[in-house]
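Peer 1: This is the structure I want to talk about, given as structure tokens.
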Amino acid sequence: MVEEGLRLTAYIGERDRADGRLLADALMDLFERHKVRTSVLLRGIEGFGIKHRLQTERLLTLSEDLPLLAIALDTEARIEPLLEEVRALSRHGTITLERARLLSGADGAALAPGSDAIKLTVYIGRQERVGGRAAHLEVVDCLHRHGVAGASVLLGLDGTQQGARRRARFFARNVDVPLMIQSVGEGESIMRALEEVRGMLSDPAITLERVRVCKRDGALLAEPLSPPAEDAAGLAYWQKLVVYTSEQSRHDGQPVHSALVRRLRAEGAAGATALRGQWGYHGGHRPHGEAFWSIRRHVPVLTLLLDTPANMRRWFEIVDEMTAETGLVTSEIVPALRAAGPGIEHGGLELAARHGRSPW
């Protein structure tokens with residue numbers, strides 16, 4: 001079965017509070033109460049938002065307030081009733097809404113949209129197995145084998161699966177705590193891999209979304225998507241760039257993701273968040289990730305940038321410069337974004353019209 005869905009993402013801080021509680025817990029409680037089909041809480045390693053305060057694990061004094069992403073995924077009918085409560089809880093921070101197609105059951109083998117490429121995201125439990133091996137490793141191998149441009153595994157700290165809460169605990173196997181496998185590739189390679197992935201997993205939550213691959217291994221393939229500032233009703237379009245690199249990728253001696261976040265902050269960008277993956281690959285590299293015997297981390301890192309289409313042209317120039325030799329860079333249109341801080345509020349959570357010819 002294929003359904004039109006929405007992904008709500010709240011970009012918050014680890015110390016942020018709502019009504020005397022940690023905001024992250026309040027949001028996950030809300031998703032549980034509304035029985036959201038799939039949700040996941042991810043911890044970033046570096047970033048800044050509308051207040052332009054740097055949050056990073058690299059400095060001890062700042063590592064206690066790392067960026068978090070609270071993601072909820074379900075049908076429009078299930079997500080829309082959440083919006084006012086999420087807005088009321090998240091008085092500071094950024095909230096986005098993005099359209100996605102939700103897949104379940106055995107249908108959907110011919111869903112490739114008429115767009116540049118597809119982002120395929122698979123949500124499964126941390127300890128799910130396929131033939132005695134970790135399911136996320138099997139899925140990433142499948143994506144790589146079918147020529148998908150890149151894939152990254154992101155571990156969740158908390159979340160819901162089929163509406164049931166799955167929270168990570170220190171002394172537990174955390175079997176059902178969700179993880180995300182996010183991949184990007186051309187339509188044909190994604191759809192070939194999807195058929196195999198769905199055959200190996202028992203009941204995954206899967207989404208497909210429009211995306212454009214702009215760079216791969218330093219080569220410029222296409223300019224970012226360029227929607228107008230507003231739709232016919234005056235609702236704003238926003239834009240997201242995602243930069244996929246390895247933690248060992250360097251720019252002027254610094255990790256690319258860290259150098260990029262700091263450069264964007266210094267230049268006045270609206271916000272950026274870096275997330276460390278557990279396993280994955282991009283471009284022509286083989287899948288790699290955390291290993292017990294490894295001294296240096298060789299894991300994927302995703303750096304997310306959000307801003308207006310006009311501003312994003314400037315930020316893409318910086319991204320292009322800093323990924324001259326490595327990385328995978330994608331562009332997406334965000335139809336709703338609300339950013340708020342002390343005395344500041346931009347945007348809203350009413351969806352702008354679909355842009356372009358594709359029904360996505």
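Naming works like this for the structure tokens: A, B, ... for the chains as they're shown, residue 1 at the start of each chain, ligands 1 onward in shown order.
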With a distance cut-off of 6 Å and only C-alpha atoms, select the neighbouring residues of stretch 335-349 of chain A, excluding the residue or stretch itself and same-chain residues fewer than 4 positions from it, and output the selection as a list in words.
Peer 2: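 Final neighbour list, sorted by chain and number: His92, Gly93, Thr94, Ile95, Thr96, Leu97 and Tyr237 of chain A.
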Peer 1: Generate a file of the selected residues that holds C-alpha atoms, formatted as a PDB file, in the first residue's frame.
Peer 2:
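Below is the file that was written, selection_20.pdb:
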ATOM      1  CA  HIS A  92      12.516  28.026  20.369  1.00  0.00           C
ATOM      2  CA  GLY A  93      14.055  26.045  17.521  1.00  0.00           C
ATOM      3  CA  THR A  94      13.155  24.998  14.011  1.00  0.00           C
ATOM      4  CA  ILE A  95      10.303  22.756  12.853  1.00  0.00           C
ATOM      5  CA  THR A  96       9.920  21.497   9.288  1.00  0.00           C
ATOM      6  CA  LEU A  97       7.231  19.597   7.407  1.00  0.00           C
ATOM      7  CA  TYR A 237       9.297  27.546   0.025  1.00  0.00           C
TER       8      TYR A 237
END
Peer 1: Which residues come within 10 Å of A:Asp203, counting only C-alpha atoms, excluding same-chain residues fewer than 2 positions away, as a PyMOL selection string?
Peer 2: chain A and resi 104-105+123-124+161-162+198-201+205-206
Peer 1: Which residues are close to stretch 140-149 of chain A, i.e. within 10 Å by only C-alpha atoms, leaving aside same-chain residues fewer than 6 positions away? Reply as a PyMOL selection string.
Peer 2: chain A and resi 117-120+181-194+196-197+213+216+279-288+328
Peer 1: Compile the contact shell of A:Ser246 as number ranges by chain: residues with an atom at most 12 Å away, counting only C-alpha atoms, same-chain residues fewer than 6 positions apart removed.
Peer 2: A: 150-152, 217, 254-258, 274-283, 285-290, 296-303, 323, 326-328
Peer 1: Pick out the closest residue to A:Thr160 from this set: A:Thr308, A:Thr330, A:Ser249, A:Thr38. Count only C-alpha atoms.
Peer 2: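 Of all the options, A:Thr38 lies closest to A:Thr160.
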Peer 1: Which one of A:Val2, A:Leu260, A:Ile12, A:Ala70 sits closest to A:Met28 if you count only C-alpha atoms?
Peer 2: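 Checking each candidate against A:Met28, we get A:Ala70 as the closest.
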Peer 1: As JSON, numbers by chain, please: all residues of stretch 28-185 of chain A that backbone DSSP puts in strand (DSSP E or B).
Peer 2: {"A": [38, 39, 40, 41, 42, 43, 46, 47, 48, 55, 56, 67, 68, 69, 70, 71, 72, 73, 74, 75, 93, 94, 95, 96, 97, 98, 99, 100, 101, 102, 103, 117, 118, 119, 120, 121, 122, 123, 124, 125, 129, 130, 133, 134, 150, 151, 152, 153, 154, 155, 158, 159, 160, 161, 164, 165, 178, 179, 180, 181, 182, 183, 184, 185]}
Peer 1: How far is it from atom CA of A:Trp238 to atom CA of A:Leu351, in Å with one decimal?
Peer 2: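 Rounded to one decimal, the two atoms are 10.7 Å apart.
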Peer 1: Could you pull the residues within 7 Å of A:Gly49, counting only C-alpha atoms, minus those fewer than 6 positions along the same chain, as a JSON list (two decimals) with N, CA, C and O atoms, in the first residue's frame?
Peer 2:
[["chain", "number", "residue", "atom", "x", "y", "z"],
["A", 93, "GLY", "N", 13.58, 27.12, 18.38],
["A", 93, "GLY", "CA", 14.06, 26.05, 17.52],
["A", 93, "GLY", "C", 13.38, 26.08, 16.17],
["A", 93, "GLY", "O", 12.61, 27.00, 15.85],
["A", 270, "ALA", "N", 21.38, 30.42, 8.41],
["A", 270, "ALA", "CA", 20.29, 30.28, 9.37],
["A", 270, "ALA", "C", 20.51, 29.14, 10.34],
["A", 270, "ALA", "O", 20.12, 29.22, 11.52],
["A", 271, "GLY", "N", 21.13, 28.05, 9.90],
["A", 271, "GLY", "CA", 21.36, 26.93, 10.80],
["A", 271, "GLY", "C", 21.95, 25.73, 10.07],
["A", 271, "GLY", "O", 21.78, 25.59, 8.85],
["A", 272, "ALA", "N", 22.65, 24.88, 10.81],
["A", 272, "ALA", "CA", 23.23, 23.66, 10.25],
["A", 272, "ALA", "C", 23.39, 22.66, 11.39],
["A", 272, "ALA", "O", 23.69, 23.05, 12.52]]
Peer 1: From the options A:Asn311, A:Ser226, A:Gln239, A:Gln248, which residue's atoms come nearest to A:Glu267, counting only C-alpha atoms?
Peer 2: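 Closest candidate: A:Asn311.
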Peer 1: Do a neighbour search on A:Pro228 at 12 Å with only C-alpha atoms, toss out local chain neighbours closer than 5 positions, and write the hits as a list in words.
Peer 2: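 In the requested format, the answer is Gly234, Leu235, Ala236, Tyr237, Trp238, Gln239, Thr308, Pro309, Ala310, Ile333, Val334, Pro335, Ala352, Ala353, Arg354, His355 and Gly356 of chain A.
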Peer 1: Output N, CA and C atoms of each residue in that selection to a file, as a PDB file, in the first residue's frame.
Peer 2:
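That gives us result-v3.pdb:
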ATOM      1  N   GLY A 234       1.137  32.650  -1.565  1.00  0.00           N
ATOM      2  CA  GLY A 234       2.021  33.434  -0.718  1.00  0.00           C
ATOM      3  C   GLY A 234       2.719  32.645   0.379  1.00  0.00           C
ATOM      4  N   LEU A 235       2.639  31.294   0.329  1.00  0.00           N
ATOM      5  CA  LEU A 235       3.318  30.459   1.321  1.00  0.00           C
ATOM      6  C   LEU A 235       4.753  30.212   0.874  1.00  0.00           C
ATOM      7  N   ALA A 236       5.687  30.330   1.795  1.00  0.00           N
ATOM      8  CA  ALA A 236       7.112  30.280   1.453  1.00  0.00           C
ATOM      9  C   ALA A 236       7.589  28.863   1.175  1.00  0.00           C
ATOM     10  N   TYR A 237       8.510  28.762   0.212  1.00  0.00           N
ATOM     11  CA  TYR A 237       9.297  27.546   0.025  1.00  0.00           C
ATOM     12  C   TYR A 237      10.624  27.714   0.766  1.00  0.00           C
ATOM     13  N   TRP A 238      11.133  26.607   1.285  1.00  0.00           N
ATOM     14  CA  TRP A 238      12.431  26.579   1.933  1.00  0.00           C
ATOM     15  C   TRP A 238      13.271  25.508   1.260  1.00  0.00           C
ATOM     16  N   GLN A 239      14.522  25.491   1.579  1.00  0.00           N
ATOM     17  CA  GLN A 239      15.404  24.544   0.906  1.00  0.00           C
ATOM     18  C   GLN A 239      16.318  23.868   1.913  1.00  0.00           C
ATOM     19  N   THR A 308      16.305  29.846   3.139  1.00  0.00           N
ATOM     20  CA  THR A 308      15.489  30.213   1.983  1.00  0.00           C
ATOM     21  C   THR A 308      16.225  29.828   0.700  1.00  0.00           C
ATOM     22  N   PRO A 309      15.488  29.636  -0.414  1.00  0.00           N
ATOM     23  CA  PRO A 309      16.166  29.327  -1.680  1.00  0.00           C
ATOM     24  C   PRO A 309      17.178  30.386  -2.092  1.00  0.00           C
ATOM     25  N   ALA A 310      16.854  31.665  -1.858  1.00  0.00           N
ATOM     26  CA  ALA A 310      17.772  32.733  -2.246  1.00  0.00           C
ATOM     27  C   ALA A 310      19.078  32.654  -1.448  1.00  0.00           C
ATOM     28  N   ILE A 333      13.426  20.414  -1.579  1.00  0.00           N
ATOM     29  CA  ILE A 333      12.511  21.511  -1.276  1.00  0.00           C
ATOM     30  C   ILE A 333      11.746  21.179  -0.007  1.00  0.00           C
ATOM     31  N   VAL A 334      11.663  22.136   0.907  1.00  0.00           N
ATOM     32  CA  VAL A 334      10.919  21.982   2.156  1.00  0.00           C
ATOM     33  C   VAL A 334       9.686  22.879   2.073  1.00  0.00           C
ATOM     34  N   PRO A 335       8.480  22.303   2.078  1.00  0.00           N
ATOM     35  CA  PRO A 335       7.278  23.116   1.861  1.00  0.00           C
ATOM     36  C   PRO A 335       6.771  23.859   3.089  1.00  0.00           C
ATOM     37  N   ALA A 352       3.270  24.758   1.636  1.00  0.00           N
ATOM     38  CA  ALA A 352       3.238  25.376   0.312  1.00  0.00           C
ATOM     39  C   ALA A 352       2.855  24.314  -0.720  1.00  0.00           C
ATOM     40  N   ALA A 353       2.379  24.779  -1.868  1.00  0.00           N
ATOM     41  CA  ALA A 353       1.937  23.860  -2.920  1.00  0.00           C
ATOM     42  C   ALA A 353       3.101  23.021  -3.427  1.00  0.00           C
ATOM     43  N   ARG A 354       2.798  21.847  -3.971  1.00  0.00           N
ATOM     44  CA  ARG A 354       3.837  21.029  -4.586  1.00  0.00           C
ATOM     45  C   ARG A 354       4.483  21.804  -5.719  1.00  0.00           C
ATOM     46  N   HIS A 355       5.802  21.701  -5.805  1.00  0.00           N
ATOM     47  CA  HIS A 355       6.542  22.450  -6.816  1.00  0.00           C
ATOM     48  C   HIS A 355       6.960  21.527  -7.945  1.00  0.00           C
ATOM     49  N   GLY A 356       6.790  21.985  -9.198  1.00  0.00           N
ATOM     50  CA  GLY A 356       7.198  21.200 -10.352  1.00  0.00           C
ATOM     51  C   GLY A 356       6.093  20.290 -10.840  1.00  0.00           C
TER      52      GLY A 356
END
Peer 1: Out of A:Met322, A:Pro178, A:Phe316, A:Arg212, which residue has the shortest atom-to-atom distance to A:His251 when counting only C-alpha atoms?
Peer 2: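 Between A:Met322, A:Pro178, A:Phe316, A:Arg212, the residue approaching A:His251 most closely is A:Met322.
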Peer 1: Which residues come within 10 Å of A:Asp74, counting only C-alpha atoms, excluding same-chain residues fewer than 3 positions away, as a list in words?
Peer 2: Glu3, Glu4, Gly5, Leu6, Arg7, Leu8, Lys35, Val36, Arg37, Thr38, Ser39, Ala77, Arg78, Ile79, Glu80, Ala100, Arg101, Leu102, Gln162, Gly163, Ala205 and Thr207 of chain A
Peer 1: Quick one: pick out all helix (DSSP H, G or I) residues within stretch 108-266 of chain A from a backbone DSSP run and write them as JSON, numbers by chain.
Peer 2: {"A": [135, 136, 137, 138, 139, 140, 141, 142, 143, 144, 145, 187, 188, 189, 190, 191, 192, 193, 194, 195, 196, 197, 198, 199, 200, 256, 257, 258, 259, 260, 261, 262, 263, 264, 265, 266]}
